[in-house]
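Okay, structure first, notes after.
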Amino acid sequence: MKWMTTLMMVAGLGCIIYSGSVYIQSGETVYEFPVQSVGRDQGQMDLSPDMNPIKVILHTRFQSRTKTEAARFYSYTFELKNPLDEAILNSEKALTLRRDKKEIPVNEFAKQRNRVHTMGTISVEEAGVYSWKLLLMNHQSHINHAFLEVRRNVAADFPITLWGGLLLFVLGIGSGFVATHRKLD
């Protein structure tokens, strides 16, 4: 019974990881815009309905400038407007980390980290030139590199294998729990 529980949990995790990878990497990159590491940036892109759904992603590479337990590395504000100058996508977030004093690595300042932020997934109704603005602000980090990626024809929904993987994983945990309690009785 123990090997069955382990097999179900491993297969479930495998399906979850595979599905997440397929979902994140779905579609085709149509634009990559290098952006300033700090400050305002803006640009334009041609979008059309045959590209739907479209995902906008921010990639960053940064180094920490702090060894505090609560770190707010950087924040960003993103806006995408249609040809009529109406906002169709807004995203505003900060990359923060709460950690134990024991968990802070000795080489904290030398370690480069990569992060990927999905600004959102949209569908456009008409072809045209869409404009974007990005404000990227350092707080307790140094951003070495950043760029916006625009992907077309991305997966709109999570693959069915994700739900199957979650089910397998939960069943594995449940059967392990039942087997453990049977031994105790």
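Ligands are numbered from 1 in the order shown, chains are lettered A, B, ... in the order of the structure tokens, and residues start at 1 in each chain.
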Closest-contact table, region 3-72 of chain A side, partner region 165-181 of chain A, 12 Å, counting only C-alpha atoms, as JSON lines:
{"residue": "A:Trp3", "atom": "CA", "partner": "A:Gly176", "partner_atom": "CA", "distance": 9.8}
{"residue": "A:Met4", "atom": "CA", "partner": "A:Gly172", "partner_atom": "CA", "distance": 7.7}
{"residue": "A:Thr5", "atom": "CA", "partner": "A:Gly172", "partner_atom": "CA", "distance": 4.7}
{"residue": "A:Thr6", "atom": "CA", "partner": "A:Gly172", "partner_atom": "CA", "distance": 6.8}
{"residue": "A:Leu7", "atom": "CA", "partner": "A:Gly172", "partner_atom": "CA", "distance": 7.8}
{"residue": "A:Met8", "atom": "CA", "partner": "A:Gly172", "partner_atom": "CA", "distance": 5.0}
{"residue": "A:Met9", "atom": "CA", "partner": "A:Phe169", "partner_atom": "CA", "distance": 4.5}
{"residue": "A:Val10", "atom": "CA", "partner": "A:Phe169", "partner_atom": "CA", "distance": 7.4}
{"residue": "A:Ala11", "atom": "CA", "partner": "A:Gly165", "partner_atom": "CA", "distance": 7.0}
{"residue": "A:Gly12", "atom": "CA", "partner": "A:Gly165", "partner_atom": "CA", "distance": 3.9}
{"residue": "A:Leu13", "atom": "CA", "partner": "A:Gly165", "partner_atom": "CA", "distance": 6.3}
{"residue": "A:Gly14", "atom": "CA", "partner": "A:Gly165", "partner_atom": "CA", "distance": 7.2}
{"residue": "A:Cys15", "atom": "CA", "partner": "A:Gly165", "partner_atom": "CA", "distance": 4.7}
{"residue": "A:Ile16", "atom": "CA", "partner": "A:Gly165", "partner_atom": "CA", "distance": 5.2}
{"residue": "A:Ile17", "atom": "CA", "partner": "A:Gly165", "partner_atom": "CA", "distance": 8.7}
{"residue": "A:Tyr18", "atom": "CA", "partner": "A:Gly165", "partner_atom": "CA", "distance": 9.3}
{"residue": "A:Ser19", "atom": "CA", "partner": "A:Gly165", "partner_atom": "CA", "distance": 8.5}
{"residue": "A:Gly20", "atom": "CA", "partner": "A:Gly165", "partner_atom": "CA", "distance": 10.6}
Put those residues in a file: C-alpha atoms, as a short mmCIF file (atom, residue, chain, number, x, y, z; two decimals), in the first residue's frame.
data_model
loop_
_atom_site.label_atom_id
_atom_site.label_comp_id
_atom_site.auth_asym_id
_atom_site.auth_seq_id
_atom_site.Cartn_x
_atom_site.Cartn_y
_atom_site.Cartn_z
CA TRP A 3 4.35 2.08 -2.72
CA MET A 4 0.91 2.82 -4.24
CA THR A 5 0.56 5.96 -2.14
CA THR A 6 4.04 7.12 -3.12
CA LEU A 7 3.40 6.36 -6.79
CA MET A 8 0.14 8.33 -6.77
CA MET A 9 1.78 11.34 -5.11
CA VAL A 10 4.79 11.32 -7.47
CA ALA A 11 2.57 10.90 -10.56
CA GLY A 12 0.31 13.70 -9.31
CA LEU A 13 3.25 16.06 -8.76
CA GLY A 14 4.63 15.16 -12.18
CA CYS A 15 1.33 16.00 -13.84
CA ILE A 16 1.08 19.28 -11.93
CA ILE A 17 4.61 20.37 -12.88
CA TYR A 18 4.16 19.31 -16.52
CA SER A 19 0.80 21.09 -16.82
CA GLY A 20 2.14 24.27 -15.26
#
Residues of region 119-154 of chain A at most 8 Å from region 66-78 of chain A: nearest atom pair and distance in Å, only C-alpha atoms, as CSV:
residue,atom,partner,partner_atom,distance
A:Met119,CA,A:Phe78,CA,7.4
A:Trp132,CA,A:Phe78,CA,7.3
A:Lys133,CA,A:Phe78,CA,5.8
A:Leu134,CA,A:Phe78,CA,4.6
A:Leu135,CA,A:Thr77,CA,5.2
A:Leu136,CA,A:Tyr76,CA,4.5
A:Met137,CA,A:Ser75,CA,5.4
A:Asn138,CA,A:Tyr74,CA,4.5
A:His139,CA,A:Tyr74,CA,5.0
A:Gln140,CA,A:Phe73,CA,4.5
A:Ser141,CA,A:Phe73,CA,4.9
Atoms to include: all heavy atoms. Write the selected residues as a CSV table (one decimal), in the first residue's frame.
chain,number,residue,atom,x,y,z
A,119,MET,N,1.4,39.9,-16.3
A,119,MET,CA,0.6,41.1,-16.2
A,119,MET,C,-0.8,40.8,-16.4
A,119,MET,O,-1.7,41.4,-15.9
A,119,MET,CB,1.1,42.1,-17.2
A,119,MET,CG,2.5,42.5,-17.1
A,119,MET,SD,2.8,43.3,-15.6
A,119,MET,CE,4.6,43.4,-15.6
A,132,TRP,N,1.7,50.8,-24.4
A,132,TRP,CA,1.9,50.3,-23.0
A,132,TRP,C,2.9,51.3,-22.3
A,132,TRP,O,3.7,52.0,-22.9
A,132,TRP,CB,2.5,48.9,-23.0
A,132,TRP,CG,3.8,48.8,-23.8
A,132,TRP,CD1,4.0,48.4,-25.1
A,132,TRP,CD2,5.1,49.0,-23.2
A,132,TRP,NE1,5.3,48.4,-25.4
A,132,TRP,CE2,6.0,48.7,-24.3
A,132,TRP,CE3,5.6,49.3,-22.0
A,132,TRP,CZ2,7.4,48.8,-24.1
A,132,TRP,CZ3,7.0,49.4,-21.8
A,132,TRP,CH2,7.9,49.1,-22.9
A,133,LYS,N,2.7,51.3,-21.0
A,133,LYS,CA,3.5,52.1,-20.1
A,133,LYS,C,3.9,51.2,-18.9
A,133,LYS,O,3.1,50.4,-18.4
A,133,LYS,CB,2.8,53.3,-19.5
A,133,LYS,CG,2.6,54.4,-20.6
A,133,LYS,CD,1.9,55.6,-19.9
A,133,LYS,CE,1.6,56.6,-21.0
A,133,LYS,NZ,0.8,57.7,-20.5
A,134,LEU,N,5.2,51.3,-18.5
A,134,LEU,CA,5.7,50.5,-17.4
A,134,LEU,C,6.5,51.4,-16.4
A,134,LEU,O,7.3,52.1,-16.9
A,134,LEU,CB,6.5,49.3,-17.8
A,134,LEU,CG,7.2,48.5,-16.8
A,134,LEU,CD1,6.2,47.6,-16.0
A,134,LEU,CD2,8.3,47.6,-17.4
A,135,LEU,N,6.2,51.3,-15.2
A,135,LEU,CA,7.0,52.0,-14.2
A,135,LEU,C,7.6,51.0,-13.3
A,135,LEU,O,6.9,50.2,-12.6
A,135,LEU,CB,6.1,53.0,-13.3
A,135,LEU,CG,6.9,53.7,-12.2
A,135,LEU,CD1,8.0,54.5,-12.6
A,135,LEU,CD2,5.9,54.5,-11.4
A,136,LEU,N,8.9,50.8,-13.3
A,136,LEU,CA,9.6,49.8,-12.5
A,136,LEU,C,10.5,50.6,-11.5
A,136,LEU,O,11.3,51.4,-11.8
A,136,LEU,CB,10.5,49.0,-13.4
A,136,LEU,CG,11.2,47.8,-12.9
A,136,LEU,CD1,10.1,46.8,-12.3
A,136,LEU,CD2,11.9,47.1,-14.1
A,137,MET,N,10.3,50.2,-10.2
A,137,MET,CA,11.0,50.9,-9.1
A,137,MET,C,11.7,50.0,-8.2
A,137,MET,O,11.1,49.0,-7.7
A,137,MET,CB,10.0,51.8,-8.3
A,137,MET,CG,9.3,52.8,-9.1
A,137,MET,SD,8.0,53.7,-8.2
A,137,MET,CE,8.7,54.0,-6.6
A,138,ASN,N,13.0,50.2,-8.0
A,138,ASN,CA,13.8,49.5,-7.0
A,138,ASN,C,13.5,50.0,-5.6
A,138,ASN,O,13.2,51.1,-5.4
A,138,ASN,CB,15.3,49.8,-7.2
A,138,ASN,CG,15.9,48.8,-8.2
A,138,ASN,OD1,15.6,47.6,-8.2
A,138,ASN,ND2,16.8,49.3,-9.0
A,139,HIS,N,13.5,49.0,-4.7
A,139,HIS,CA,13.3,49.4,-3.3
A,139,HIS,C,14.5,48.9,-2.5
A,139,HIS,O,15.3,49.6,-2.1
A,139,HIS,CB,12.0,48.9,-2.7
A,139,HIS,CG,10.8,49.5,-3.4
A,139,HIS,ND1,10.4,50.7,-3.2
A,139,HIS,CD2,9.9,49.0,-4.3
A,139,HIS,CE1,9.3,51.0,-3.9
A,139,HIS,NE2,9.0,49.9,-4.6
A,140,GLN,N,14.6,47.5,-2.4
A,140,GLN,CA,15.7,46.9,-1.7
A,140,GLN,C,16.4,45.9,-2.6
A,140,GLN,O,16.8,44.9,-2.1
A,140,GLN,CB,15.2,46.3,-0.4
A,140,GLN,CG,14.7,47.3,0.6
A,140,GLN,CD,14.0,46.6,1.8
A,140,GLN,OE1,13.2,45.7,1.6
A,140,GLN,NE2,14.4,47.0,3.0
A,141,SER,N,16.6,46.3,-3.8
A,141,SER,CA,17.3,45.4,-4.8
A,141,SER,C,18.0,46.3,-5.8
A,141,SER,O,17.8,47.5,-5.9
A,141,SER,CB,16.3,44.5,-5.5
A,141,SER,OG,15.5,45.2,-6.3
*Would you return as JSON, numbers by chain the members of region 25-124 of chain A that DSSP assigns to strand (DSSP E) on this structure's backbone?*
{"A": [28, 29, 30, 31, 32, 33, 34, 39, 40, 41, 42, 43, 44, 45, 46, 47, 54, 55, 56, 57, 58, 59, 60, 61, 62, 63, 64, 70, 71, 72, 73, 74, 75, 76, 77, 78, 79, 80, 81, 87, 88, 89, 90, 91, 92, 93, 94, 95, 96, 97, 98, 112, 113, 114, 115, 116, 117, 118, 119, 120, 121, 122]}
*Rounded to one decimal place, report the CA of Arg98 (chain A)-CA of Val38 (chain A) distance in Å.*
23.0 Å
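Neighbours of Tyr130 (chain A) closer than or equal to 6 Å, with only C-alpha atoms counted and sequence neighbours fewer than 4 positions away skipped, come out as Gln44, Met45, Lys81, Asn82 and Pro83 of chain A.
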*List the neighbours of Ile54 (chain A) out to 8 Å using only C-alpha atoms; skip same-chain residues closer than 2 positions along the sequence, and give me the result as a VMD selection string.*
chain A and resid 51 to 52 56 121 to 123 150 to 154
*Which residues come within 8 Å of His142 (chain A), counting only C-alpha atoms, excluding same-chain residues fewer than 5 positions away, as a list in words?*
Phe62, Gln63, Ser64 and Arg65 of chain A
Export, as a PDB file, in the first residue's frame, the selected residues with N, CA, C and O atoms.
ATOM      1  N   PHE A  62      17.512  40.312 -10.732  1.00  0.00           N
ATOM      2  CA  PHE A  62      17.869  41.302  -9.718  1.00  0.00           C
ATOM      3  C   PHE A  62      18.744  40.697  -8.631  1.00  0.00           C
ATOM      4  O   PHE A  62      18.864  39.477  -8.513  1.00  0.00           O
ATOM      5  N   GLN A  63      19.355  41.577  -7.841  1.00  0.00           N
ATOM      6  CA  GLN A  63      20.145  41.196  -6.676  1.00  0.00           C
ATOM      7  C   GLN A  63      19.608  41.961  -5.471  1.00  0.00           C
ATOM      8  O   GLN A  63      19.254  43.137  -5.586  1.00  0.00           O
ATOM      9  N   SER A  64      19.584  41.297  -4.334  1.00  0.00           N
ATOM     10  CA  SER A  64      19.121  41.920  -3.106  1.00  0.00           C
ATOM     11  C   SER A  64      20.138  42.943  -2.615  1.00  0.00           C
ATOM     12  O   SER A  64      21.335  42.772  -2.790  1.00  0.00           O
ATOM     13  N   ARG A  65      19.628  44.010  -1.997  1.00  0.00           N
ATOM     14  CA  ARG A  65      20.504  44.989  -1.351  1.00  0.00           C
ATOM     15  C   ARG A  65      20.252  45.030   0.144  1.00  0.00           C
ATOM     16  O   ARG A  65      20.645  45.971   0.813  1.00  0.00           O
TER      17      ARG A  65
END
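The gap separating CA of Val124 (chain A) from CA of Ala87 (chain A) is 11.8 Å, in Å to one decimal.
Between CA of Gln112 (chain A) and CA of Val35 (chain A) the interatomic distance comes to 18.1 Å.
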